[in-house]
file entry_0.txt (compact mmCIF, C-alpha atoms and all ligand atoms)
# COMPACT_ATOMS: atom_id res chain seq x y z
CA MET A 29 3.15 32.35 -116.38
CA ARG A 30 -0.49 33.34 -115.98
CA GLU A 31 -1.10 34.39 -119.57
CA LYS A 32 -2.22 31.81 -122.10
CA TYR A 33 0.93 32.66 -124.09
CA LEU A 34 3.85 35.02 -124.32
CA LEU A 35 5.96 36.09 -127.25
CA HIS A 36 9.59 35.08 -127.21
CA CYS A 37 12.49 36.51 -129.20
CA PRO A 38 15.05 33.88 -130.23
CA GLY A 39 17.56 36.71 -130.79
CA CYS A 40 17.82 38.20 -127.28
CA GLY A 41 15.83 35.56 -125.42
CA ARG A 42 13.35 38.10 -124.04
CA PRO A 43 9.76 37.08 -123.33
CA PHE A 44 7.01 39.71 -123.44
CA PRO A 45 3.22 40.00 -123.69
CA ASP A 46 1.54 40.28 -127.09
CA ARG A 47 0.23 43.63 -128.31
CA TYR A 48 -0.11 42.44 -131.89
CA THR A 49 3.67 42.72 -131.76
CA LEU A 50 5.43 41.94 -135.05
CA ASP A 51 9.05 42.76 -134.11
CA CYS A 52 11.32 42.35 -131.10
CA PRO A 53 11.19 45.57 -129.06
CA SER A 54 15.01 45.43 -128.84
CA GLY A 55 15.25 45.38 -132.63
CA CYS A 56 16.61 41.85 -133.15
CA ASN A 57 16.52 40.45 -136.68
CA ALA A 58 14.57 37.36 -135.62
CA LEU A 59 11.06 35.97 -135.95
CA LEU A 60 9.16 36.15 -132.66
CA ARG A 61 7.60 32.92 -131.48
CA THR A 62 4.63 32.18 -129.27
CA ILE A 63 5.30 30.20 -126.10
CA TYR A 64 2.10 28.61 -124.83
CA ARG A 65 1.59 27.95 -121.16
CA GLU A 66 -0.02 24.61 -121.93
CA PRO A 67 2.75 22.25 -123.13
CA ARG A 68 0.22 19.53 -123.95
CA LEU A 69 -2.08 20.01 -126.91
CA VAL A 70 -5.63 20.22 -125.57
CA LEU A 71 -8.32 19.98 -128.23
CA ARG A 72 -11.33 22.26 -128.06
CA ASP A 73 -14.82 21.34 -129.14
CA LEU A 74 -14.91 24.23 -131.62
CA PRO A 75 -15.32 24.47 -135.39
CA GLY A 76 -12.51 24.29 -137.94
CA VAL A 77 -9.12 25.66 -137.02
CA PHE A 78 -10.37 26.69 -133.55
CA ARG A 79 -10.21 23.06 -132.50
CA TYR A 80 -6.53 23.95 -132.02
CA SER A 81 -7.12 27.28 -130.31
CA SER A 82 -5.12 26.30 -127.23
CA TRP A 83 -2.05 26.70 -129.48
CA LEU A 84 -3.26 29.81 -131.30
CA PRO A 85 -2.47 33.37 -130.07
CA ILE A 86 -6.13 34.18 -129.43
CA GLU A 87 -8.56 33.97 -126.50
CA GLY A 88 -11.90 33.38 -128.23
CA HIS A 89 -12.95 31.95 -131.56
CA LEU A 90 -14.85 32.78 -134.74
CA ARG A 91 -17.91 30.89 -135.91
CA ILE A 92 -16.26 29.66 -139.09
CA ASP A 93 -15.99 25.97 -139.85
CA ALA A 94 -12.91 25.89 -142.09
CA GLY A 95 -10.00 23.83 -140.82
CA PRO A 96 -7.50 21.37 -142.28
CA VAL A 97 -8.72 17.82 -142.90
CA SER A 98 -6.48 14.77 -142.83
CA TYR A 99 -6.96 11.31 -144.28
CA ALA A 100 -4.88 8.29 -145.23
CA SER A 101 -4.18 8.25 -148.94
CA THR A 102 -4.85 5.00 -150.75
CA GLY A 103 -4.84 5.94 -154.46
CA LEU A 104 -1.77 8.17 -154.64
CA ALA A 105 0.00 6.14 -151.96
CA ARG A 106 -0.40 2.94 -154.01
CA GLU A 107 0.76 4.70 -157.16
CA LEU A 108 3.94 5.84 -155.38
CA GLY A 109 4.49 2.66 -153.39
CA LEU A 110 4.15 4.46 -150.06
CA SER A 111 2.48 2.71 -147.14
CA ASN A 112 2.02 5.61 -144.68
CA LEU A 113 0.98 8.67 -146.62
CA THR A 114 -1.25 11.15 -144.79
CA ILE A 115 -2.80 13.92 -146.87
CA THR A 116 -3.79 17.08 -145.04
CA PHE A 117 -6.10 19.00 -147.33
CA SER A 118 -6.94 22.70 -147.12
CA GLY A 119 -9.61 23.72 -149.59
CA TYR A 120 -13.15 22.94 -150.61
CA TRP A 121 -14.09 19.28 -150.49
CA PRO A 122 -17.35 18.87 -148.57
CA GLU A 123 -17.35 15.04 -148.77
CA ARG A 124 -14.21 15.04 -146.65
CA GLY A 125 -15.20 17.99 -144.47
CA GLY A 126 -13.05 20.51 -146.35
CA ARG A 127 -14.83 23.85 -146.07
CA MET A 128 -12.33 26.50 -147.08
CA GLU A 129 -14.50 28.18 -149.68
CA THR A 130 -11.70 30.29 -151.16
CA CYS A 131 -9.84 26.99 -151.62
CA SER A 132 -6.46 27.54 -149.94
CA PHE A 133 -4.71 27.20 -146.59
CA LYS A 134 -4.40 31.00 -146.41
CA GLU A 135 -7.74 30.79 -144.59
CA LEU A 136 -5.89 29.06 -141.74
CA GLU A 137 -3.85 32.19 -141.20
CA ALA A 138 -6.54 34.75 -141.96
CA GLN A 139 -8.92 33.51 -139.25
CA PRO A 140 -6.59 33.72 -136.22
CA THR A 141 -4.98 36.92 -137.57
CA VAL A 142 -8.30 38.75 -137.78
CA LEU A 143 -9.28 37.56 -134.30
CA ARG A 144 -5.88 38.34 -132.74
CA LEU A 145 -6.06 41.89 -134.05
CA ARG A 146 -9.58 42.35 -132.74
CA GLU A 147 -8.67 41.01 -129.31
CA LYS A 148 -5.61 43.24 -129.07
CA GLY A 149 -7.71 46.21 -130.19
CA ALA A 150 -4.95 47.14 -132.60
CA GLY A 151 -7.06 48.54 -135.47
CA VAL A 152 -7.81 47.64 -139.07
CA LEU A 153 -5.72 45.15 -141.04
CA GLN A 154 -3.98 46.04 -144.27
CA ILE A 155 -3.06 43.30 -146.76
CA SER A 156 -1.24 43.56 -150.10
CA SER A 157 -2.02 40.40 -152.05
CA ALA A 158 -4.17 39.58 -155.04
CA GLY A 159 -3.56 35.91 -154.61
CA ASN A 160 -4.86 33.38 -152.16
CA THR A 161 -3.97 35.53 -149.14
CA GLY A 162 -6.02 38.50 -150.32
CA ARG A 163 -8.99 36.26 -151.11
CA ALA A 164 -8.80 34.51 -147.73
CA PHE A 165 -8.82 37.81 -145.80
CA CYS A 166 -11.74 39.12 -147.90
CA GLN A 167 -13.61 35.90 -147.11
CA VAL A 168 -12.98 36.14 -143.35
CA SER A 169 -14.12 39.77 -143.54
CA ALA A 170 -17.27 38.66 -145.35
CA LEU A 171 -18.01 36.04 -142.68
CA THR A 172 -17.21 38.14 -139.60
CA GLY A 173 -17.67 41.79 -140.60
CA ALA A 174 -14.04 42.53 -139.73
CA PRO A 175 -12.84 45.56 -141.69
CA VAL A 176 -9.78 45.01 -143.92
CA VAL A 177 -7.94 47.22 -146.39
CA VAL A 178 -6.68 45.24 -149.38
CA VAL A 179 -4.32 46.81 -151.93
CA VAL A 180 -3.68 45.07 -155.27
CA PRO A 181 -2.49 45.87 -158.80
CA SER A 182 -5.57 46.71 -160.89
CA SER A 183 -4.69 43.93 -163.36
CA ALA A 184 -5.09 41.32 -160.60
CA ALA A 185 -8.27 42.63 -158.95
CA ASP A 186 -10.46 39.97 -160.57
CA ARG A 187 -8.73 37.28 -158.51
CA LEU A 188 -10.42 38.63 -155.41
CA TRP A 189 -13.78 37.05 -154.81
CA THR A 190 -15.69 35.69 -151.84
CA THR A 191 -18.61 33.31 -151.39
CA ALA A 192 -20.65 35.82 -149.38
CA PRO A 193 -20.94 39.62 -149.81
CA SER A 194 -17.98 41.48 -148.30
CA PRO A 195 -19.20 45.00 -147.43
CA ASN A 196 -16.33 45.60 -144.97
CA VAL A 197 -13.49 45.25 -147.46
CA CYS A 198 -11.82 48.44 -148.68
CA LEU A 199 -10.27 47.32 -151.96
CA ILE A 200 -7.78 49.75 -153.44
CA THR A 201 -6.43 49.04 -156.93
CA VAL A 202 -3.10 50.48 -158.04
CA ASP A 203 -2.36 51.05 -161.74
CA GLY A 204 1.08 49.47 -161.58
CA ASP A 205 2.84 46.25 -160.67
CA TYR A 206 3.07 44.34 -157.40
CA SER A 207 5.90 46.46 -156.02
CA ASP A 208 3.80 49.59 -156.59
CA SER A 209 0.86 48.12 -154.72
CA ILE A 210 3.06 46.88 -151.86
CA ALA A 211 4.60 50.35 -151.56
CA PHE A 212 1.16 51.97 -151.55
CA GLY A 213 -0.08 49.47 -148.96
CA ARG A 214 2.85 50.30 -146.70
CA ASP A 215 1.95 53.96 -147.02
CA VAL A 216 -1.68 53.25 -146.07
CA CYS A 217 -0.36 51.89 -142.75
CA SER A 218 0.84 55.41 -141.89
CA ILE A 219 -2.84 56.27 -141.29
CA PRO A 220 -3.53 55.88 -137.54
CA GLY A 221 -5.56 52.76 -136.90
CA VAL A 222 -4.33 50.82 -139.93
CA VAL A 223 -1.84 48.03 -139.19
CA PRO A 224 0.06 45.75 -141.56
CA GLU A 225 -0.85 42.09 -141.49
CA GLY A 226 2.87 41.37 -141.04
CA GLY A 227 3.53 38.34 -143.25
CA ALA A 228 5.89 35.78 -141.76
CA LYS A 229 6.44 37.99 -138.70
CA ASN A 230 2.83 37.52 -137.68
CA VAL A 231 2.68 34.68 -135.14
CA ALA A 232 -1.06 34.19 -135.71
CA ARG A 233 -0.34 33.55 -139.35
CA ARG A 234 2.32 30.96 -138.60
CA ASP A 235 0.48 29.21 -135.78
CA GLY A 236 -2.64 29.10 -137.97
CA MET A 237 -0.68 27.40 -140.76
CA GLY A 238 0.94 25.12 -138.19
CA THR A 239 -2.44 23.51 -137.51
CA VAL A 240 -1.79 21.43 -140.64
CA VAL A 241 0.96 19.58 -138.77
CA LEU A 242 -1.19 19.35 -135.63
CA ASP A 243 -4.06 17.87 -137.62
CA GLY A 244 -1.90 15.44 -139.62
CA THR A 245 -0.06 14.29 -136.50
CA LEU A 246 -3.23 13.72 -134.49
CA PHE A 247 -4.72 11.83 -137.41
CA ALA A 248 -1.70 9.53 -137.75
CA GLY A 249 -1.13 9.32 -133.98
CA ARG A 250 2.51 10.38 -134.35
CA LEU A 251 4.72 13.01 -135.91
CA PRO A 252 5.53 12.40 -139.56
CA ASP A 253 9.08 11.54 -140.63
CA ALA A 254 8.80 13.83 -143.64
CA TYR A 255 6.67 16.87 -144.47
CA PHE A 256 6.05 17.97 -148.08
CA GLN A 257 4.95 21.48 -149.06
CA ALA A 258 5.40 23.93 -151.94
CA VAL A 259 6.71 27.31 -150.76
CA GLY A 260 6.74 30.89 -151.98
CA SER A 261 7.54 32.71 -148.75
CA GLY A 262 8.25 29.51 -146.84
CA THR A 263 6.11 30.69 -143.93
CA GLY A 264 4.25 27.38 -143.98
CA GLY A 265 7.55 25.54 -143.66
CA ILE A 266 8.58 27.63 -140.65
CA ALA A 267 5.13 27.04 -139.16
CA ALA A 268 5.46 23.27 -139.67
CA TRP A 269 8.80 23.27 -137.86
CA GLU A 270 7.43 25.30 -134.95
CA ALA A 271 4.32 23.12 -134.62
CA ALA A 272 6.46 19.96 -134.69
CA ASP A 273 8.70 21.43 -131.97
CA ARG A 274 5.65 21.95 -129.77
CA LEU A 275 4.42 18.42 -130.43
CA ILE A 276 7.82 17.04 -129.41
CA ALA A 277 7.61 19.04 -126.17
CA ASP A 278 4.10 17.65 -125.66
CA GLY A 279 5.77 14.25 -125.37
CA ARG A 280 3.09 12.00 -126.87
CA PHE A 281 3.91 12.13 -130.57
CA GLY A 282 7.60 11.41 -131.02
CA THR A 283 10.96 12.99 -130.45
CA ARG A 284 12.24 13.75 -133.95
CA LEU A 285 11.52 16.74 -136.16
CA PRO A 286 10.01 15.81 -139.52
CA ALA A 287 12.43 16.51 -142.38
CA LEU A 288 11.03 19.42 -144.37
CA HIS A 289 10.77 18.70 -148.11
CA LEU A 290 10.01 22.10 -149.61
CA SER A 291 9.49 22.81 -153.29
CA GLN A 292 9.46 25.74 -155.70
CA ASN A 293 8.41 26.09 -159.33
CA LEU A 294 10.99 26.53 -162.11
CA PRO A 295 12.22 28.86 -163.40
CA PHE A 296 11.70 30.98 -160.24
CA VAL A 297 13.38 29.05 -157.41
CA PRO A 298 15.44 31.46 -155.24
CA MET A 299 15.28 29.37 -152.06
CA VAL A 300 16.31 26.18 -153.88
CA ARG A 301 19.34 27.96 -155.31
CA ALA A 302 20.39 29.50 -152.00
CA TRP A 303 19.95 26.17 -150.23
CA GLU A 304 22.02 24.31 -152.80
CA ALA A 305 24.74 26.93 -152.48
CA GLY A 306 24.59 26.56 -148.68
CA ARG A 307 23.87 30.26 -148.31
CA ARG A 308 21.88 32.01 -145.61
CA GLU A 309 21.48 34.97 -147.98
CA ILE A 310 19.49 35.08 -151.18
CA VAL A 311 21.72 36.75 -153.78
CA PRO A 312 19.36 38.15 -156.44
CA GLU A 313 21.82 37.85 -159.37
CA GLU A 314 22.60 34.22 -158.54
CA ASP A 315 19.35 32.94 -157.13
CA MET A 316 16.70 34.77 -159.14
CA PRO A 317 18.24 36.11 -162.36
CA ASP A 318 15.68 37.71 -164.70
CA ALA A 319 13.17 37.59 -161.86
CA GLU A 320 10.40 39.31 -163.77
CA ALA A 321 10.63 37.08 -166.82
CA SER A 322 10.93 33.96 -164.64
CA ILE A 323 7.91 34.89 -162.58
CA GLU A 324 5.89 35.26 -165.80
CA ARG A 325 6.68 31.67 -166.72
CA VAL A 326 5.79 29.70 -163.59
CA PHE A 327 2.64 27.59 -163.41
CA ALA A 328 2.07 28.28 -159.68
CA GLY A 329 2.10 32.06 -159.35
CA VAL A 330 1.62 32.05 -155.55
CA LEU A 331 5.13 30.61 -155.21
CA THR A 332 6.89 33.67 -156.62
CA ASN A 333 7.78 35.70 -153.53
CA ARG A 334 10.94 37.79 -154.03
CA HIS A 335 11.54 38.50 -150.35
CA PRO A 336 11.01 35.27 -148.42
CA PRO A 337 12.04 35.15 -144.72
CA TRP A 338 15.00 32.97 -145.65
CA GLY A 339 18.04 34.01 -143.61
CA VAL A 340 16.32 35.72 -140.67
CA ARG A 341 16.81 33.95 -137.35
CA GLY A 342 14.02 31.40 -137.00
CA GLY A 343 13.33 31.58 -140.76
CA VAL A 344 13.18 29.05 -143.59
CA TYR A 345 16.92 28.35 -143.70
CA ASP A 346 16.95 27.53 -139.98
CA ALA A 347 13.86 25.33 -140.37
CA LEU A 348 15.48 23.32 -143.18
CA ALA A 349 18.79 23.03 -141.33
CA ALA A 350 17.22 22.01 -138.00
CA SER A 351 15.09 19.31 -139.63
CA GLY A 352 17.64 17.90 -142.08
CA GLY A 353 15.43 19.06 -144.93
CA ARG A 354 15.68 19.14 -148.70
CA MET A 355 14.51 21.46 -151.48
CA TYR A 356 13.11 20.65 -154.93
CA ALA A 357 12.91 22.67 -158.14
CA VAL A 358 9.84 21.44 -160.02
CA SER A 359 9.14 22.17 -163.70
CA ASN A 360 5.76 23.23 -165.02
CA ASP A 361 5.40 19.92 -166.88
CA GLU A 362 6.14 17.90 -163.75
CA ALA A 363 3.60 19.94 -161.79
CA ARG A 364 0.91 19.56 -164.47
CA SER A 365 1.36 15.83 -164.71
CA ALA A 366 1.38 15.52 -160.90
CA ALA A 367 -1.92 17.42 -160.85
CA ARG A 368 -3.42 14.96 -163.33
CA LEU A 369 -2.18 11.98 -161.32
CA PHE A 370 -3.56 13.45 -158.09
CA GLU A 371 -6.95 14.15 -159.66
CA ALA A 372 -7.12 10.62 -161.04
CA THR A 373 -6.08 8.93 -157.78
CA GLU A 374 -7.58 11.20 -155.09
CA GLU A 375 -10.48 12.70 -157.06
CA ILE A 376 -10.14 16.39 -156.31
CA ASP A 377 -8.58 19.22 -158.34
CA LEU A 378 -5.50 21.02 -157.00
CA ASP A 379 -4.23 24.55 -156.71
CA PRO A 380 -1.14 24.72 -158.99
CA ALA A 381 1.06 25.20 -155.90
CA ALA A 382 -0.23 21.99 -154.34
CA ALA A 383 0.55 20.24 -157.62
CA VAL A 384 4.17 21.37 -157.22
CA ALA A 385 4.28 19.69 -153.80
CA VAL A 386 2.81 16.48 -155.23
CA ALA A 387 5.45 16.54 -157.98
CA SER A 388 8.19 16.84 -155.35
CA LEU A 389 6.77 13.81 -153.53
CA LEU A 390 6.78 11.85 -156.80
CA ARG A 391 10.41 12.67 -157.30
CA ALA A 392 11.32 11.85 -153.70
CA ALA A 393 9.63 8.45 -153.98
CA GLU A 394 11.33 7.70 -157.32
CA GLU A 395 14.78 8.78 -156.23
CA GLY A 396 14.63 7.22 -152.79
CA PHE A 397 14.72 10.46 -150.78
CA VAL A 398 11.96 8.87 -148.70
CA GLU A 399 11.60 5.18 -147.79
CA PRO A 400 8.40 3.33 -148.78
CA GLY A 401 7.43 2.80 -145.14
CA GLU A 402 8.16 6.31 -143.87
CA HIS A 403 5.35 8.30 -142.31
CA ILE A 404 4.80 11.16 -144.73
CA LEU A 405 2.60 14.22 -144.38
CA LEU A 406 1.67 15.83 -147.70
CA ASN A 407 0.36 19.35 -147.18
CA VAL A 408 -2.16 19.91 -149.97
CA THR A 409 -2.28 23.66 -149.55
CA GLY A 410 -5.14 24.33 -151.93
CA GLY A 411 -7.76 22.68 -154.08
CA GLY A 412 -11.40 22.06 -154.82
CA TYR A 413 -11.87 25.08 -157.08
CA GLN A 414 -14.02 23.08 -159.50
CA ARG A 415 -16.27 21.81 -156.70
CA ALA A 416 -16.50 25.29 -155.23
CA ALA A 417 -17.48 26.78 -158.60
CA GLU A 418 -20.29 24.22 -158.89
CA ASP A 419 -21.63 24.57 -155.34
CA LEU A 420 -21.05 28.13 -154.17
CA ASP A 421 -22.00 31.69 -155.08
CA ARG A 422 -19.12 33.90 -156.12
CA TYR A 423 -19.04 37.62 -155.35
CA PRO A 424 -16.34 39.76 -156.98
CA VAL A 425 -14.85 42.29 -154.52
CA GLU A 426 -15.48 45.75 -155.99
CA PRO A 427 -12.78 48.45 -155.79
CA TYR A 428 -13.46 51.34 -153.43
CA LEU A 429 -10.56 53.47 -154.70
CA ARG A 430 -8.35 53.45 -157.79
CA VAL A 431 -4.95 55.10 -157.63
CA GLY A 432 -1.98 55.55 -159.96
CA ALA A 433 1.49 54.01 -159.58
CA GLY A 434 3.64 56.04 -157.22
CA GLU A 435 0.68 58.03 -155.91
CA ALA A 436 1.02 59.12 -152.28
CA VAL A 437 -1.48 58.53 -149.49
CA ALA A 438 -2.37 62.22 -149.29
CA GLY A 439 -5.12 64.68 -150.16
CA ASP A 440 -8.29 63.13 -151.63
CA VAL A 441 -6.87 59.62 -151.49
CA ARG A 442 -6.12 59.89 -147.76
CA ASP A 443 -9.52 61.49 -147.12
CA GLY A 444 -11.20 58.67 -149.00
CA ILE A 445 -9.56 56.03 -146.84
CA THR A 446 -10.13 57.85 -143.55
CA SER A 447 -13.80 58.36 -144.35
CA TRP A 448 -14.11 54.64 -145.14
CA LEU A 449 -12.47 53.88 -141.76
CA ALA A 450 -14.85 56.22 -139.96
CA GLY A 451 -17.78 54.60 -141.74
CA GLN A 452 -16.71 51.21 -140.41
CA GLY A 453 -17.16 52.32 -136.79
CA VAL A 454 -15.11 49.16 -136.21
CA ALA A 455 -17.94 46.98 -134.91
CA ILE A 456 -17.07 43.38 -135.63
CA ARG A 457 -19.45 40.47 -135.38
CA ALA A 458 -18.06 37.29 -133.88
C1 LIG B 1 0.68 30.69 -150.24
C2 LIG B 1 0.55 29.32 -150.78
C3 LIG B 1 1.63 28.43 -150.73
C4 LIG B 1 2.99 28.80 -150.20
O1 LIG B 1 2.93 29.07 -148.85
P1 LIG B 1 4.14 29.66 -148.01
O2 LIG B 1 4.35 28.69 -146.93
O3 LIG B 1 3.68 30.98 -147.52
O4 LIG B 1 5.30 29.79 -148.89
C5 LIG B 1 1.43 27.15 -151.20
N1 LIG B 1 0.25 26.76 -151.71
C6 LIG B 1 -0.81 27.59 -151.76
C7 LIG B 1 -2.09 27.08 -152.33
C8 LIG B 1 -0.70 28.89 -151.30
O5 LIG B 1 -1.75 29.71 -151.36
ZN ZN B 2 15.17 40.29 -129.41
call {"tool": "encode", "arguments": {"input": "entry_0.txt", "output": "structure tokens", "more": "lines below"}}
Ligand SMILES: *Cc1c(COP(=O)(O)O)cnc(C)c1O
Ligand SMILES: [Zn+2]
result
Amino acid sequence: MREKYLLHCPGCGRPFPDRYTLDCPSGCNALLRTIYREPRLVLRDLPGVFRYSSWLPIEGHLRIDAGPVSYASTGLARELGLSNLTITFSGYWPERGGRMETCSFKELEAQPTVLRLREKGAGVLQISSAGNTGRAFCQVSALTGAPVVVVVPSSAADRLWTTAPSPNVCLITVDGDYSDSIAFGRDVCSIPGVVPEGGAKNVARRDGMGTVVLDGTLFAGRLPDAYFQAVGSGTGGIAAWEAADRLIADGRFGTRLPALHLSQNLPFVPMVRAWEAGRREIVPEEDMPDAEASIERVFAGVLTNRHPPWGVRGGVYDALAASGGRMYAVSNDEARSAARLFEATEEIDLDPAAAVAVASLLRAAEEGFVEPGEHILLNVTGGGYQRAAEDLDRYPVEPYLRVGAGEAVAGDVRDGITSWLAGQGVAIRA
């Protein structure tokens, strides 16, 4: 193997080179994986997440210093009676070296995704998210000049902001709900040169998120016994499993997969329900009844994905099963009180989703699902919003186009987008 990496399909076993490929060319229902030539993790003297670039599906790097930071917890660990708790923090916390200015681990996926697409010459990325993912891609666009097309419901547009101007973002707002904006976004990808980001199918996204496990393991000098994270799509859980697999193959960090302890926020907990029923399928009537009303009521909105990669080969179900994992349904009250405890003991504010993960760790410690001496990695997926608001400028991303629900990508709308694309000339600064 001369290439730095190949893609591998766990369905048919075929290896093939990467052309920003999202699906198996033979049509398998399986998540492609990257296979790196270098079985030992070699660290690079590069900023942020690019320290781990030997296990990212990219050749170069971006000049962005925003990677995960790991440290040994003392305050929370003492409170819970745990003696080996590593916190890996993704967010804004300059005292600890945390420099994700949009405050979530979605920056870990946005950076390698933008670079992978540029290196493969595949075109302009399209993203449908008004949450942390949308903000992270707008930020990477602001810092690199990479053009991105972001489609969101108009009601959620104010959640998109960056800490530097973002002239290369084409923000399209849809007067409708999330499904309308996802449908419109899919339609935008019919324009030549526009490609979908790909979600869980995107190996750059997963390997970027997997750097949390690389960082936590290097910090502790060994693989954790247990990994805690709150999940909406579960992509981070899959990524943790894949990264741990690579570290086992490396040979220096242990031989056992960490048990995945994944949590969701009540009342919207489809993966918890499917897991408890032992099902590889999510059955909407059973696992997410009254989805809309339930989604309205959760504290951590980023955890409300209706189509997680659950049963697909190499997906969340397989990750939980392979690692002997467990799932938690966390109430809003539990999450809020976990957030207060974390702020008091660790002295940084949390994204609501990270508070859900902390609440699941509290419960695990109380109920004995983890032993006091176990090596635990807590993935704090987001935080530092208060610090960021004090320290950093905030630029709202302004809409370029506004469309109605159900509107087609045709006529004036299509012309508007193609003229924006032409205006980009697709010159990207490194
Ligand atoms: C997206 C997100 C999650 C959930 O991540 P997945 O692994 O994709 O389910 C958790 N916390 C924060 C802060 C997020 O932005
Ligand atoms: Zn295949």
call {"tool": "closest_atom_pairs", "arguments": {"input": "entry_0.txt", "of": "chain A", "to": "ligand ZN 2 (chain B)", "cutoff": "9 Å", "atoms": "all atoms listed in the file", "output": "CSV"}}
result
residue,atom,partner,partner_atom,distance
A:His36,CA,B:ZN2,ZN,7.9
A:Cys37,CA,B:ZN2,ZN,4.6
A:Pro38,CA,B:ZN2,ZN,6.5
A:Gly39,CA,B:ZN2,ZN,4.5
A:Cys40,CA,B:ZN2,ZN,4.0
A:Gly41,CA,B:ZN2,ZN,6.2
A:Arg42,CA,B:ZN2,ZN,6.1
A:Pro43,CA,B:ZN2,ZN,8.7
A:Asp51,CA,B:ZN2,ZN,8.1
A:Cys52,CA,B:ZN2,ZN,4.7
A:Pro53,CA,B:ZN2,ZN,6.6
A:Ser54,CA,B:ZN2,ZN,5.2
A:Gly55,CA,B:ZN2,ZN,6.0
A:Cys56,CA,B:ZN2,ZN,4.3
A:Asn57,CA,B:ZN2,ZN,7.4
A:Ala58,CA,B:ZN2,ZN,6.9
A:Leu59,CA,B:ZN2,ZN,8.9
A:Leu60,CA,B:ZN2,ZN,8.0
call {"tool": "residues_near_ligand", "arguments": {"input": "entry_0.txt", "ligand": "ligand LIG 1 (chain B)", "cutoff": "10 Å", "atoms": "only C-alpha atoms and all ligand atoms", "output": "ChimeraX atom specification"}}
result
/A:118-119,130-135,137,159-164,227-228,233-234,237,257-268,290-292,328-333,336-337,344,378-385,407-411
call {"tool": "residues_around", "arguments": {"input": "entry_0.txt", "residues": "A:Ile323", "least_positions_apart": "2", "cutoff": "9 Å", "atoms": "all atoms listed in the file", "output": "PDB file with C-alpha atoms, keeping the file's coordinate frame"}}
result
ATOM      1  CA  LEU A 294      10.990  26.530-162.110  1.00  0.00           C
ATOM      2  CA  PRO A 295      12.220  28.860-163.400  1.00  0.00           C
ATOM      3  CA  PHE A 296      11.700  30.980-160.240  1.00  0.00           C
ATOM      4  CA  ASP A 318      15.680  37.710-164.700  1.00  0.00           C
ATOM      5  CA  ALA A 319      13.170  37.590-161.860  1.00  0.00           C
ATOM      6  CA  GLU A 320      10.400  39.310-163.770  1.00  0.00           C
ATOM      7  CA  ALA A 321      10.630  37.080-166.820  1.00  0.00           C
ATOM      8  CA  ARG A 325       6.680  31.670-166.720  1.00  0.00           C
ATOM      9  CA  VAL A 326       5.790  29.700-163.590  1.00  0.00           C
ATOM     10  CA  GLY A 329       2.100  32.060-159.350  1.00  0.00           C
ATOM     11  CA  LEU A 331       5.130  30.610-155.210  1.00  0.00           C
ATOM     12  CA  THR A 332       6.890  33.670-156.620  1.00  0.00           C
TER      13      THR A 332
END
call {"tool": "atom_distance", "arguments": {"input": "entry_0.txt", "atom1": "atom CA of A:Gln167", "atom2": "atom CA of A:Phe327"}}
result
24.5 Å
call {"tool": "atom_distance", "arguments": {"input": "entry_0.txt", "atom1": "atom CA of A:Ile219", "atom2": "atom CA of A:Val152"}}
result
10.2 Å
call {"tool": "residues_around", "arguments": {"input": "entry_0.txt", "residues": "stretch 274-289 of chain A", "least_positions_apart": "3", "cutoff": "6 Å", "atoms": "all atoms listed in the file", "output": "number ranges by chain"}}
result
A: 67-68, 250-256, 271, 351-355
call {"tool": "closest_residue", "arguments": {"input": "entry_0.txt", "among": "A:Leu242, A:Ala433, A:Ala232, A:Leu69", "to": "A:Ala138", "atoms": "all atoms listed in the file"}}
result
A:Ala232
call {"tool": "atom_distance", "arguments": {"input": "entry_0.txt", "atom1": "atom CA of A:Cys166", "atom2": "atom CA of A:Gly221"}}
result
18.6 Å
call {"tool": "closest_residue", "arguments": {"input": "entry_0.txt", "among": "A:Tyr356, A:Phe370, A:Tyr33, A:Phe165", "to": "A:Trp83", "atoms": "all atoms listed in the file"}}
result
A:Tyr33
call {"tool": "residues_near_point", "arguments": {"input": "entry_0.txt", "point": "(6.5, 34.0, -127.2)", "cutoff": "6 Å", "atoms": "all atoms listed in the file", "output": "PyMOL selection string"}}
result
chain A and resi 34-36+43+61-63
call {"tool": "closest_residue", "arguments": {"input": "entry_0.txt", "among": "A:Glu435, A:Glu374, A:Glu426, A:Asp46", "to": "A:Asn230", "atoms": "only C-alpha atoms"}}
result
A:Asp46
